[in-house]
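J.: Got a structure for you, model_4.pdb, holding PDB, C-alpha atoms (C1' of nucleotides).
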```pdb
ATOM      1  CA  MET U  23      90.198  -9.005 -57.009
ATOM      2  CA  THR U  24      86.964 -10.638 -55.933
ATOM      3  CA  GLY U  25      85.893  -7.712 -53.790
ATOM      4  CA  GLY U  26      85.995  -9.653 -50.533
ATOM      5  CA  ARG U  27      88.308  -8.783 -47.686
ATOM      6  CA  GLU U  28      91.618 -10.591 -47.459
ATOM      7  CA  GLY U  29      91.593 -13.918 -45.649
ATOM      8  CA  ILE U  30      87.861 -14.158 -45.201
ATOM      9  CA  ARG U  31      86.083 -16.794 -47.174
ATOM     10  CA  LEU U  32      82.526 -15.673 -47.721
ATOM     11  CA  ARG U  33      79.669 -18.149 -47.688
ATOM     12  CA  ARG U  34      76.179 -17.887 -48.980
ATOM     13  CA  SER U  35      73.280 -18.334 -46.608
ATOM     14  CA  LYS U  36      69.601 -18.991 -47.064
ATOM     15  CA  GLN U  37      68.815 -16.042 -44.832
ATOM     16  CA  ARG U  38      70.745 -13.541 -46.874
ATOM     17  CA  GLU U  39      69.269 -14.917 -50.066
ATOM     18  CA  VAL U  40      65.718 -14.490 -48.812
ATOM     19  CA  ILE U  41      66.407 -11.048 -47.392
ATOM     20  CA  LEU U  42      67.701  -9.851 -50.742
ATOM     21  CA  GLU U  43      64.831 -11.452 -52.646
ATOM     22  CA  GLU U  44      62.235  -9.798 -50.446
ATOM     23  CA  LEU U  45      64.024  -6.462 -50.622
ATOM     24  CA  ARG U  46      64.111  -6.602 -54.399
ATOM     25  CA  LYS U  47      60.428  -7.461 -54.603
ATOM     26  CA  LEU U  48      59.517  -4.187 -52.939
ATOM     27  CA  LYS U  49      59.301  -0.702 -54.369
ATOM     28  CA  THR U  50      58.653   0.708 -50.924
ATOM     29  CA  HIS U  51      62.153   1.080 -49.470
ATOM     30  CA  PRO U  52      61.324  -0.805 -46.292
ATOM     31  CA  ARG U  53      62.658  -0.322 -42.810
ATOM     32  CA  SER U  54      64.542  -3.181 -41.216
ATOM     33  CA  ASP U  55      61.552  -4.252 -39.166
ATOM     34  CA  GLU U  56      59.249  -4.276 -42.189
ATOM     35  CA  LEU U  57      61.697  -6.468 -44.035
ATOM     36  CA  TYR U  58      62.074  -8.617 -40.926
ATOM     37  CA  THR U  59      58.314  -9.250 -40.898
ATOM     38  CA  LEU U  60      58.350 -10.286 -44.547
ATOM     39  CA  VAL U  61      61.370 -12.522 -44.227
ATOM     40  CA  ARG U  62      59.885 -14.239 -41.187
ATOM     41  CA  GLN U  63      56.963 -15.383 -43.313
ATOM     42  CA  ARG U  64      59.431 -17.532 -45.216
ATOM     43  CA  LEU U  65      61.984 -18.198 -42.470
ATOM     44  CA  PRO U  66      60.025 -18.104 -39.205
ATOM     45  CA  HIS U  67      63.114 -18.268 -37.019
ATOM     46  CA  VAL U  68      65.255 -15.484 -38.459
ATOM     47  CA  SER U  69      66.320 -12.896 -35.970
ATOM     48  CA  LEU U  70      66.266  -9.164 -36.397
ATOM     49  CA  GLY U  71      70.001  -9.179 -35.760
ATOM     50  CA  THR U  72      70.502 -11.360 -38.793
ATOM     51  CA  VAL U  73      68.452  -8.998 -40.921
ATOM     52  CA  TYR U  74      70.598  -6.091 -39.781
ATOM     53  CA  ARG U  75      73.836  -8.003 -40.246
ATOM     54  CA  ASN U  76      72.923  -8.995 -43.776
ATOM     55  CA  LEU U  77      71.585  -5.630 -44.817
ATOM     56  CA  ASP U  78      74.818  -4.092 -43.611
ATOM     57  CA  ARG U  79      76.759  -6.621 -45.618
ATOM     58  CA  LEU U  80      74.647  -6.179 -48.738
ATOM     59  CA  GLN U  81      75.186  -2.453 -48.652
ATOM     60  CA  GLY U  82      78.897  -2.933 -48.051
ATOM     61  CA  GLU U  83      79.036  -5.096 -51.161
ATOM     62  CA  GLY U  84      77.075  -2.509 -53.100
ATOM     63  CA  THR U  85      74.098  -4.812 -53.515
ATOM     64  CA  ALA U  86      71.738  -2.613 -51.512
ATOM     65  CA  VAL U  87      71.546   1.044 -50.614
ATOM     66  CA  GLU U  88      70.816   2.648 -47.278
ATOM     67  CA  ILE U  89      68.529   5.664 -47.210
ATOM     68  CA  TYR U  90      68.850   7.696 -44.036
ATOM     69  CA  CYS U  91      65.498   8.988 -42.888
ATOM     70  CA  GLY U  92      66.388  10.533 -39.562
ATOM     71  CA  ASP U  93      64.918   8.181 -37.006
ATOM     72  CA  PHE U  94      65.762   5.077 -38.949
ATOM     73  CA  VAL U  95      67.248   3.665 -42.129
ATOM     74  CA  ARG U  96      65.355   2.497 -45.179
ATOM     75  CA  TYR U  97      66.777   0.024 -47.651
ATOM     76  CA  ASP U  98      66.688   0.004 -51.413
ATOM     77  CA  GLY U  99      67.455  -3.047 -53.540
ATOM     78  CA  ASN U 100      67.790  -0.872 -56.615
ATOM     79  CA  VAL U 101      71.442   0.075 -56.841
ATOM     80  CA  SER U 102      71.279   2.025 -60.089
ATOM     81  CA  PRO U 103      71.555   5.799 -59.629
ATOM     82  CA  HIS U 104      68.187   7.346 -58.919
ATOM     83  CA  ASP U 105      66.692   9.876 -56.547
ATOM     84  CA  HIS U 106      64.141   9.751 -53.775
ATOM     85  CA  PHE U 107      61.174  11.648 -52.490
ATOM     86  CA  MET U 108      60.494  11.557 -48.753
ATOM     87  CA  CYS U 109      57.201  12.689 -47.269
ATOM     88  CA  ARG U 110      57.835  14.984 -44.331
ATOM     89  CA  VAL U 111      54.703  13.663 -42.589
ATOM     90  CA  CYS U 112      54.602   9.890 -43.018
ATOM     91  CA  ARG U 113      58.331   9.584 -43.736
ATOM     92  CA  ARG U 114      57.765   7.072 -46.524
ATOM     93  CA  VAL U 115      60.150   7.140 -49.460
ATOM     94  CA  TRP U 116      59.460   6.830 -53.193
ATOM     95  CA  ASP U 117      61.679   6.729 -56.222
ATOM     96  CA  PHE U 118      61.714  10.057 -57.924
ATOM     97  CA  ASP U 119      62.939  10.951 -61.358
ATOM     98  CA  ALA U 120      64.263  14.462 -61.655
ATOM     99  CA  ARG U 121      67.357  14.057 -63.771
ATOM    100  CA  HIS U 122      67.743  16.059 -66.913
ATOM    101  CA  GLY U 123      69.373  14.757 -70.056
ATOM    102  CA  ASP U 124      72.701  16.441 -69.405
ATOM    103  CA  SER U 125      73.540  14.808 -66.076
ATOM    104  CA  PRO U 126      72.758  17.669 -63.743
ATOM    105  CA  GLY U 127      74.126  17.849 -60.254
ATOM    106  CA  VAL U 128      77.355  16.199 -61.249
ATOM    107  CA  PRO U 129      80.336  17.681 -59.414
ATOM    108  CA  ALA U 130      81.874  20.611 -61.223
ATOM    109  CA  GLU U 131      83.494  19.248 -64.358
ATOM    110  CA  SER U 132      85.862  16.318 -64.158
ATOM    111  CA  GLU U 133      88.090  17.251 -61.270
ATOM    112  CA  ASN U 134      86.866  16.884 -57.701
ATOM    113  CA  GLN U 135      86.576  19.819 -55.345
ATOM    114  CA  ALA U 136      89.754  20.348 -53.386
ATOM    115  CA  GLY U 137      90.679  16.682 -53.138
ATOM    116  CA  PHE U 138      87.276  15.289 -52.307
ATOM    117  CA  GLN U 139      86.719  12.004 -54.133
ATOM    118  CA  VAL U 140      83.094  11.606 -55.075
ATOM    119  CA  GLU U 141      82.062   7.971 -55.362
ATOM    120  CA  SER U 142      78.308   8.315 -55.465
ATOM    121  CA  GLN U 143      75.570  10.858 -55.048
ATOM    122  CA  TYR U 144      71.859  11.122 -54.616
ATOM    123  CA  THR U 145      69.255  13.825 -54.442
ATOM    124  CA  MET U 146      66.516  13.776 -51.851
ATOM    125  CA  PHE U 147      63.277  15.644 -52.471
ATOM    126  CA  LEU U 148      61.238  16.535 -49.403
ATOM    127  CA  GLY U 149      57.599  17.473 -49.210
ATOM    128  CA  LEU U 150      54.110  16.047 -49.009
ATOM    129  CA  CYS U 151      53.044  12.781 -50.591
ATOM    130  CA  PRO U 152      49.589  12.567 -52.229
ATOM    131  CA  ASP U 153      48.126  10.717 -49.241
ATOM    132  CA  CYS U 154      49.319  13.199 -46.634
ATOM    133  CA  ALA U 155      48.476  16.173 -48.837
ATOM    134  CA  ALA U 156      44.867  14.930 -48.982
ATOM    135  CA  SER U 157      44.395  14.701 -45.214
TER     136      SER U 157
ATOM    137  CA  MET V  28      51.028  34.737 -40.690
ATOM    138  CA  THR V  29      53.920  34.749 -38.246
ATOM    139  CA  GLY V  30      54.732  31.116 -38.818
ATOM    140  CA  GLY V  31      54.049  30.118 -35.225
ATOM    141  CA  ARG V  32      51.414  27.602 -34.240
ATOM    142  CA  GLU V  33      47.988  28.945 -33.313
ATOM    143  CA  GLY V  34      47.466  29.917 -29.699
ATOM    144  CA  ILE V  35      51.069  29.498 -28.652
ATOM    145  CA  ARG V  36      52.963  32.607 -27.785
ATOM    146  CA  LEU V  37      56.628  31.993 -28.468
ATOM    147  CA  ARG V  38      59.294  33.387 -26.228
ATOM    148  CA  ARG V  39      62.925  33.942 -26.810
ATOM    149  CA  SER V  40      65.459  32.326 -24.546
ATOM    150  CA  LYS V  41      69.127  32.841 -23.906
ATOM    151  CA  GLN V  42      69.759  29.156 -24.516
ATOM    152  CA  ARG V  43      68.231  29.105 -27.971
ATOM    153  CA  GLU V  44      70.055  32.302 -28.853
ATOM    154  CA  VAL V  45      73.430  30.865 -27.890
ATOM    155  CA  ILE V  46      72.720  27.554 -29.617
ATOM    156  CA  LEU V  47      71.912  29.314 -32.866
ATOM    157  CA  GLU V  48      74.926  31.615 -32.575
ATOM    158  CA  GLU V  49      77.301  28.727 -32.047
ATOM    159  CA  LEU V  50      75.707  26.754 -34.862
ATOM    160  CA  ARG V  51      76.090  29.649 -37.252
ATOM    161  CA  LYS V  52      79.724  30.147 -36.293
ATOM    162  CA  LEU V  53      80.580  26.675 -37.522
ATOM    163  CA  LYS V  54      81.142  25.421 -41.014
ATOM    164  CA  THR V  55      81.418  21.879 -39.736
ATOM    165  CA  HIS V  56      77.777  20.779 -39.477
ATOM    166  CA  PRO V  57      78.119  19.613 -35.890
ATOM    167  CA  ARG V  58      76.402  16.750 -34.143
ATOM    168  CA  SER V  59      74.175  17.569 -31.188
ATOM    169  CA  ASP V  60      76.850  16.597 -28.691
ATOM    170  CA  GLU V  61      79.507  18.725 -30.386
ATOM    171  CA  LEU V  62      77.187  21.700 -30.242
ATOM    172  CA  TYR V  63      76.321  20.825 -26.655
ATOM    173  CA  THR V  64      80.002  21.005 -25.704
ATOM    174  CA  LEU V  65      80.382  24.415 -27.327
ATOM    175  CA  VAL V  66      77.244  25.855 -25.817
ATOM    176  CA  ARG V  67      78.245  24.632 -22.386
ATOM    177  CA  GLN V  68      81.348  26.787 -22.565
ATOM    178  CA  ARG V  69      79.050  29.793 -22.512
ATOM    179  CA  LEU V  70      76.167  28.379 -20.526
ATOM    180  CA  PRO V  71      77.670  25.752 -18.202
ATOM    181  CA  HIS V  72      74.321  24.435 -17.027
ATOM    182  CA  VAL V  73      72.526  23.773 -20.311
ATOM    183  CA  SER V  74      71.296  20.256 -20.720
ATOM    184  CA  LEU V  75      71.582  18.097 -23.782
ATOM    185  CA  GLY V  76      67.794  17.875 -23.811
ATOM    186  CA  THR V  77      67.583  21.628 -24.229
ATOM    187  CA  VAL V  78      69.981  21.501 -27.138
ATOM    188  CA  TYR V  79      67.838  18.857 -28.808
ATOM    189  CA  ARG V  80      64.599  20.688 -28.094
ATOM    190  CA  ASN V  81      65.908  23.910 -29.538
ATOM    191  CA  LEU V  82      67.530  22.352 -32.574
ATOM    192  CA  ASP V  83      64.235  20.644 -33.314
ATOM    193  CA  ARG V  84      62.456  23.924 -32.975
ATOM    194  CA  LEU V  85      64.938  25.834 -35.090
ATOM    195  CA  GLN V  86      64.578  23.320 -37.893
ATOM    196  CA  GLY V  87      60.801  23.423 -37.540
ATOM    197  CA  GLU V  88      60.953  27.188 -38.009
ATOM    198  CA  GLY V  89      63.258  26.792 -40.963
ATOM    199  CA  THR V  90      66.166  28.447 -39.169
ATOM    200  CA  ALA V  91      68.344  25.338 -39.226
ATOM    201  CA  VAL V  92      68.594  22.223 -41.327
ATOM    202  CA  GLU V  93      68.998  18.618 -40.247
ATOM    203  CA  ILE V  94      71.405  16.429 -42.178
ATOM    204  CA  TYR V  95      70.815  12.720 -41.665
ATOM    205  CA  CYS V  96      74.080  10.832 -41.487
ATOM    206  CA  GLY V  97      72.911   7.360 -40.545
ATOM    207  CA  ASP V  98      73.982   6.971 -36.949
ATOM    208  CA  PHE V  99      73.148  10.504 -36.000
ATOM    209  CA  VAL V 100      71.959  13.880 -37.218
ATOM    210  CA  ARG V 101      74.136  16.823 -38.113
ATOM    211  CA  TYR V 102      72.909  20.402 -38.062
ATOM    212  CA  ASP V 103      73.460  23.227 -40.494
ATOM    213  CA  GLY V 104      72.818  26.866 -39.696
ATOM    214  CA  ASN V 105      72.982  27.754 -43.371
ATOM    215  CA  VAL V 106      69.440  27.523 -44.670
ATOM    216  CA  SER V 107      70.108  28.644 -48.234
ATOM    217  CA  PRO V 108      69.943  25.804 -50.778
ATOM    218  CA  HIS V 109      73.267  24.056 -51.064
ATOM    219  CA  ASP V 110      74.567  20.513 -51.206
ATOM    220  CA  HIS V 111      76.773  18.386 -48.997
ATOM    221  CA  PHE V 112      79.639  15.977 -49.237
ATOM    222  CA  MET V 113      79.868  13.199 -46.649
ATOM    223  CA  CYS V 114      83.029  11.170 -46.136
ATOM    224  CA  ARG V 115      82.169   7.485 -46.008
ATOM    225  CA  VAL V 116      84.997   6.908 -43.520
ATOM    226  CA  CYS V 117      84.946   9.706 -40.945
ATOM    227  CA  ARG V 118      81.313  10.653 -41.636
ATOM    228  CA  ARG V 119      82.072  14.345 -41.512
ATOM    229  CA  VAL V 120      80.060  16.645 -43.750
ATOM    230  CA  TRP V 121      81.175  19.580 -45.882
ATOM    231  CA  ASP V 122      79.345  22.065 -48.038
ATOM    232  CA  PHE V 123      79.681  21.150 -51.651
ATOM    233  CA  ASP V 124      78.936  23.225 -54.681
ATOM    234  CA  ALA V 125      77.827  21.221 -57.663
ATOM    235  CA  ARG V 126      75.013  23.256 -59.092
ATOM    236  CA  HIS V 127      75.056  24.380 -62.663
ATOM    237  CA  GLY V 128      73.712  27.693 -63.867
ATOM    238  CA  ASP V 129      70.393  26.312 -65.061
ATOM    239  CA  SER V 130      69.032  24.972 -61.777
ATOM    240  CA  PRO V 131      69.751  21.292 -62.339
ATOM    241  CA  GLY V 132      68.022  18.539 -60.426
ATOM    242  CA  VAL V 133      64.796  20.456 -60.231
ATOM    243  CA  PRO V 134      61.772  18.177 -60.513
ATOM    244  CA  ALA V 135      60.651  17.633 -64.091
ATOM    245  CA  GLU V 136      59.228  20.889 -65.339
ATOM    246  CA  SER V 137      56.742  22.855 -63.317
ATOM    247  CA  GLU V 138      54.216  20.239 -62.314
ATOM    248  CA  ASN V 139      55.042  17.781 -59.549
ATOM    249  CA  GLN V 140      55.238  14.067 -60.151
ATOM    250  CA  ALA V 141      51.868  12.431 -59.666
ATOM    251  CA  GLY V 142      50.708  14.706 -56.884
ATOM    252  CA  PHE V 143      53.928  14.826 -54.876
ATOM    253  CA  GLN V 144      54.519  18.337 -53.567
ATOM    254  CA  VAL V 145      58.210  19.114 -53.438
ATOM    255  CA  GLU V 146      59.067  21.680 -50.783
ATOM    256  CA  SER V 147      62.824  21.332 -50.648
ATOM    257  CA  GLN V 148      65.625  19.189 -51.937
ATOM    258  CA  TYR V 149      69.262  18.496 -51.415
ATOM    259  CA  THR V 150      71.958  16.463 -53.046
ATOM    260  CA  MET V 151      74.387  14.397 -51.033
ATOM    261  CA  PHE V 152      77.753  13.444 -52.456
ATOM    262  CA  LEU V 153      79.458  10.460 -50.885
ATOM    263  CA  GLY V 154      83.088   9.489 -51.033
ATOM    264  CA  LEU V 155      86.463  10.111 -49.420
ATOM    265  CA  CYS V 156      87.543  13.382 -47.884
ATOM    266  CA  PRO V 157      91.156  14.550 -48.363
ATOM    267  CA  ASP V 158      92.154  13.462 -44.857
ATOM    268  CA  CYS V 159      90.779   9.945 -45.157
ATOM    269  CA  ALA V 160      92.033   9.572 -48.728
ATOM    270  CA  ALA V 161      95.557  10.279 -47.472
ATOM    271  CA  SER V 162      95.555   7.610 -44.775
TER     272      SER V 162
ATOM    273  C1'  DT B  16      86.745 -30.192 -40.162
ATOM    274  C1'  DT B  17      86.618 -25.317 -39.612
ATOM    275  C1'  DA B  18      85.291 -20.894 -39.358
ATOM    276  C1'  DA B  19      81.464 -18.020 -41.410
ATOM    277  C1'  DG B  20      76.792 -17.300 -40.283
ATOM    278  C1'  DT B  21      72.758 -17.493 -37.076
ATOM    279  C1'  DG B  22      69.547 -17.026 -33.021
ATOM    280  C1'  DC B  23      68.928 -15.051 -28.880
ATOM    281  C1'  DA B  24      69.189 -11.699 -25.538
ATOM    282  C1'  DA B  25      71.570  -8.164 -23.436
ATOM    283  C1'  DA B  26      73.934  -3.965 -24.299
ATOM    284  C1'  DT B  27      74.643   0.548 -26.717
ATOM    285  C1'  DA B  28      73.747   5.085 -28.002
ATOM    286  C1'  DG B  29      71.329   8.820 -29.983
ATOM    287  C1'  DT B  30      67.273  11.086 -28.983
ATOM    288  C1'  DT B  31      62.908  12.052 -26.569
ATOM    289  C1'  DT B  32      60.053  13.062 -22.662
ATOM    290  C1'  DG B  33      57.826  13.791 -17.913
ATOM    291  C1'  DC B  34      58.035  16.632 -14.207
ATOM    292  C1'  DC B  35      58.660  20.590 -11.633
ATOM    293  C1'  DA B  36      61.351  24.776 -11.079
ATOM    294  C1'  DG B  37      62.657  29.072 -13.546
ATOM    295  C1'  DA B  38      62.141  32.934 -16.557
ATOM    296  C1'  DG B  39      60.042  36.029 -20.423
ATOM    297  C1'  DT B  40      56.260  39.092 -21.515
TER     298       DT B  40
ATOM    299  C1'  DA K  14      50.245  36.133 -13.142
ATOM    300  C1'  DC K  15      50.396  33.111 -16.841
ATOM    301  C1'  DT K  16      52.607  29.749 -19.355
ATOM    302  C1'  DC K  17      56.460  28.931 -22.205
ATOM    303  C1'  DT K  18      61.129  27.092 -21.444
ATOM    304  C1'  DG K  19      64.898  24.648 -19.186
ATOM    305  C1'  DG K  20      67.396  21.187 -16.066
ATOM    306  C1'  DC K  21      67.584  16.703 -14.818
ATOM    307  C1'  DA K  22      67.103  12.036 -15.187
ATOM    308  C1'  DA K  23      64.529   8.289 -16.693
ATOM    309  C1'  DA K  24      62.516   6.306 -20.752
ATOM    310  C1'  DC K  25      62.515   4.993 -25.580
ATOM    311  C1'  DT K  26      63.886   2.803 -29.724
ATOM    312  C1'  DA K  27      66.673   1.645 -33.604
ATOM    313  C1'  DT K  28      70.698  -0.783 -34.022
ATOM    314  C1'  DT K  29      74.775  -3.467 -32.476
ATOM    315  C1'  DT K  30      77.156  -7.125 -30.226
ATOM    316  C1'  DG K  31      78.754 -11.315 -27.318
ATOM    317  C1'  DC K  32      78.299 -16.004 -27.155
ATOM    318  C1'  DA K  33      77.222 -20.723 -28.038
ATOM    319  C1'  DC K  34      75.211 -23.377 -31.653
ATOM    320  C1'  DT K  35      74.633 -24.350 -36.918
ATOM    321  C1'  DT K  36      75.893 -25.057 -41.253
ATOM    322  C1'  DA K  37      78.178 -24.210 -45.837
ATOM    323  C1'  DA K  38      82.171 -25.590 -48.229
TER     324       DA K  38
END
```
Let's see the structure in the file written out as structure tokens.
T.:
Amino acid sequence: MTGGREGIRLRRSKQREVILEELRKLKTHPRSDELYTLVRQRLPHVSLGTVYRNLDRLQGEGTAVEIYCGDFVRYDGNVSPHDHFMCRVCRRVWDFDARHGDSPGVPAESENQAGFQVESQYTMFLGLCPDCAAS
Amino acid sequence: MTGGREGIRLRRSKQREVILEELRKLKTHPRSDELYTLVRQRLPHVSLGTVYRNLDRLQGEGTAVEIYCGDFVRYDGNVSPHDHFMCRVCRRVWDFDARHGDSPGVPAESENQAGFQVESQYTMFLGLCPDCAAS
DNA sequence: TTAAGTGCAAATAGTTTGCCAGAGT
DNA sequence: ACTCTGGCAAACTATTTGCACTTAA
């Protein structure tokens, strides 16, 4: 198993490479349009559609993570399990460490609840960021 | 403090009442259009805009909770802290109990991280629901 | 050579909003 | 009466998609 779908030979592309590089550079969990602006500085002719198509593919491969923020989606190049804080005012997202030593929040024991197969999980903390709390 | 904004005298309305009743009847965390369909069975002339306006208001008052599912928002009439499971295939959402006795997932100790004020939190579990796992 | 990937623009779809009529206090 | 609230439809905006052209392999 290579992980790809049957019968489809995947190719690399400069665009996808740059998109992933720029995403990984950031700690800010950018929106698609923010990433689009950055990528365009290196590839002036990329289209927003290409950014969306590749982000969708990266997340399908497990190389990027989508963070749903209500009005839009933010992207995270850090795939390792970690949690997020979202400011209810400016809607920006930060990494947030709230895990205890004994893996809290893990589904009750080993078995899944009533046949639900948990593949991943995340905790979202909501509140005010330092900037918005100050104003 | 009544919780309302200054200078605005809030009124009750039949529409909002019915919307909240229908929302609370459900365990299914409906989308706006699903709720719209239900409410229209009791109030045939409600508009989708009214449903949105009232759901927004209910969540602003803390009477309902928005669950971001990517393409759309789901609503939950259960305001008490609890977690959710979302099926990655059908995108439906269920309540999910994964909390331990010692309040896991709470931000590190009493103080907030670097000035971030946590007001609420939730954990989302992602995976396959029994229905989609079977197919 | 061949089909995956892209650029572009138009289309989609969930949600929001302006406006005026209607209703709660 | 005063003004919050709703109905309706148009507007908005993030995202998706069709199509012809490029390009990796």
J.: Which residue gives the smallest distance to B:DT40 among V:Ser59, V:Ser40, V:Thr77, V:Thr64, with only C-alpha atoms (C1' of nucleotides) counted?
T.: V:Ser40
J.: Run the PyMOL selection byres ((chain U and resi 80-82) around 12) mentally over the shown coordinates, then write out the matched residues as JSON, numbers by chain, using the chain letters and numbers from the document.
T.: {"U": [25, 26, 27, 34, 38, 39, 41, 42, 43, 45, 46, 72, 73, 74, 75, 76, 77, 78, 79, 83, 84, 85, 86, 87, 88, 89, 95, 96, 97, 98, 99, 100, 101], "V": [115]}
J.: Go ahead and find all residues with at least one atom no further than 10 Å from (48.4, 14.8, -46.0) in the file's coordinates, using only C-alpha atoms (C1' of nucleotides); report them as a ChimeraX atom specification.
T.: /U:109-112,150-157
J.: Provide the atom C1' of B:DG20 to atom C1' of K:DT29 distance in Å, to one decimal place.
T.: 16.0 Å
J.: Quick one: residues within 10 Å of B:DG33, all atoms listed in the file counted, chain neighbours fewer than 3 positions away excluded, as a ChimeraX atom specification?
T.: /K:22-24
J.: To one decimal place in Å, what is the distance between atom CA of U:Met146 and atom CA of V:Met151?
T.: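 Answer for the atom CA of U:Met146 to atom CA of V:Met151 separation: 7.9 Å.
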J.: Taking a cut-off of 12 Å and counting all atoms listed in the file, can you build a table that, for each residue of chain K near chain V, reports the nearest atom pair and how far apart they are in Å (one decimal), sorted by chain then residue number, as a tab-separated table?
T.:
```
residue	atom	partner	partner_atom	distance
K:DC15	C1'	V:Arg36	CA	11.3
K:DT16	C1'	V:Arg36	CA	8.9
K:DC17	C1'	V:Arg38	CA	6.6
K:DT18	C1'	V:Ser40	CA	7.5
K:DG19	C1'	V:Thr77	CA	6.5
K:DG20	C1'	V:Ser74	CA	6.1
K:DC21	C1'	V:Ser74	CA	7.8
K:DA22	C1'	V:Gly76	CA	10.4
K:DA27	C1'	V:Asp98	CA	9.6
K:DT28	C1'	V:Asp98	CA	8.9
K:DT29	C1'	V:Asp98	CA	11.4
```
J.: Since we have the selection now, will you write its residues out, keeping C-alpha atoms (C1' of nucleotides), as a tab-separated table (two decimals), in the coordinates of the input?
T.:
```tsv
chain	number	residue	atom	x	y	z
K	15	DC	C1'	50.40	33.11	-16.84
K	16	DT	C1'	52.61	29.75	-19.36
K	17	DC	C1'	56.46	28.93	-22.20
K	18	DT	C1'	61.13	27.09	-21.44
K	19	DG	C1'	64.90	24.65	-19.19
K	20	DG	C1'	67.40	21.19	-16.07
K	21	DC	C1'	67.58	16.70	-14.82
K	22	DA	C1'	67.10	12.04	-15.19
K	27	DA	C1'	66.67	1.64	-33.60
K	28	DT	C1'	70.70	-0.78	-34.02
K	29	DT	C1'	74.78	-3.47	-32.48
```
J.: To test your reading of the syntax: which residues would the PyMOL selection byres ((chain B) within 12 of (chain V)) return for the file shown? Reply as a PyMOL selection string.
T.: chain B and resi 28-32+37-40
J.: Please indicate the distance in Å from atom CA of V:Phe152 to atom CA of U:Thr145, rounded to one decimal place.
T.: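 Between these atoms lies a distance of 8.7 Å.
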J.: So what does the PyMOL selection byres ((chain B and resi 24) around 12) actually pick up in this one, as number ranges by chain?
T.: U: 69-71; B: 22-23, 25-26; K: 30-32
J.: Of the candidates V:Glu61, V:Lys41, V:Leu70, V:Asp122, which one gets nearest to V:Tyr149 if we count all atoms listed in the file?
T.: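 Looking only at the distances to V:Tyr149, the closest residue turns out to be V:Asp122.
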J.: Which is closer to chain U than all the others in V:Gln144, V:Gln68, V:Ser107, V:Thr55, using only C-alpha atoms?
T.: V:Gln144
J.: When you count only C-alpha atoms, which of these residues is closest to chain U: V:Pro108, V:Tyr95, V:Lys54, V:Val120?
T.: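 Ranking V:Pro108, V:Tyr95, V:Lys54, V:Val120 by distance to chain U, first place goes to V:Tyr95.
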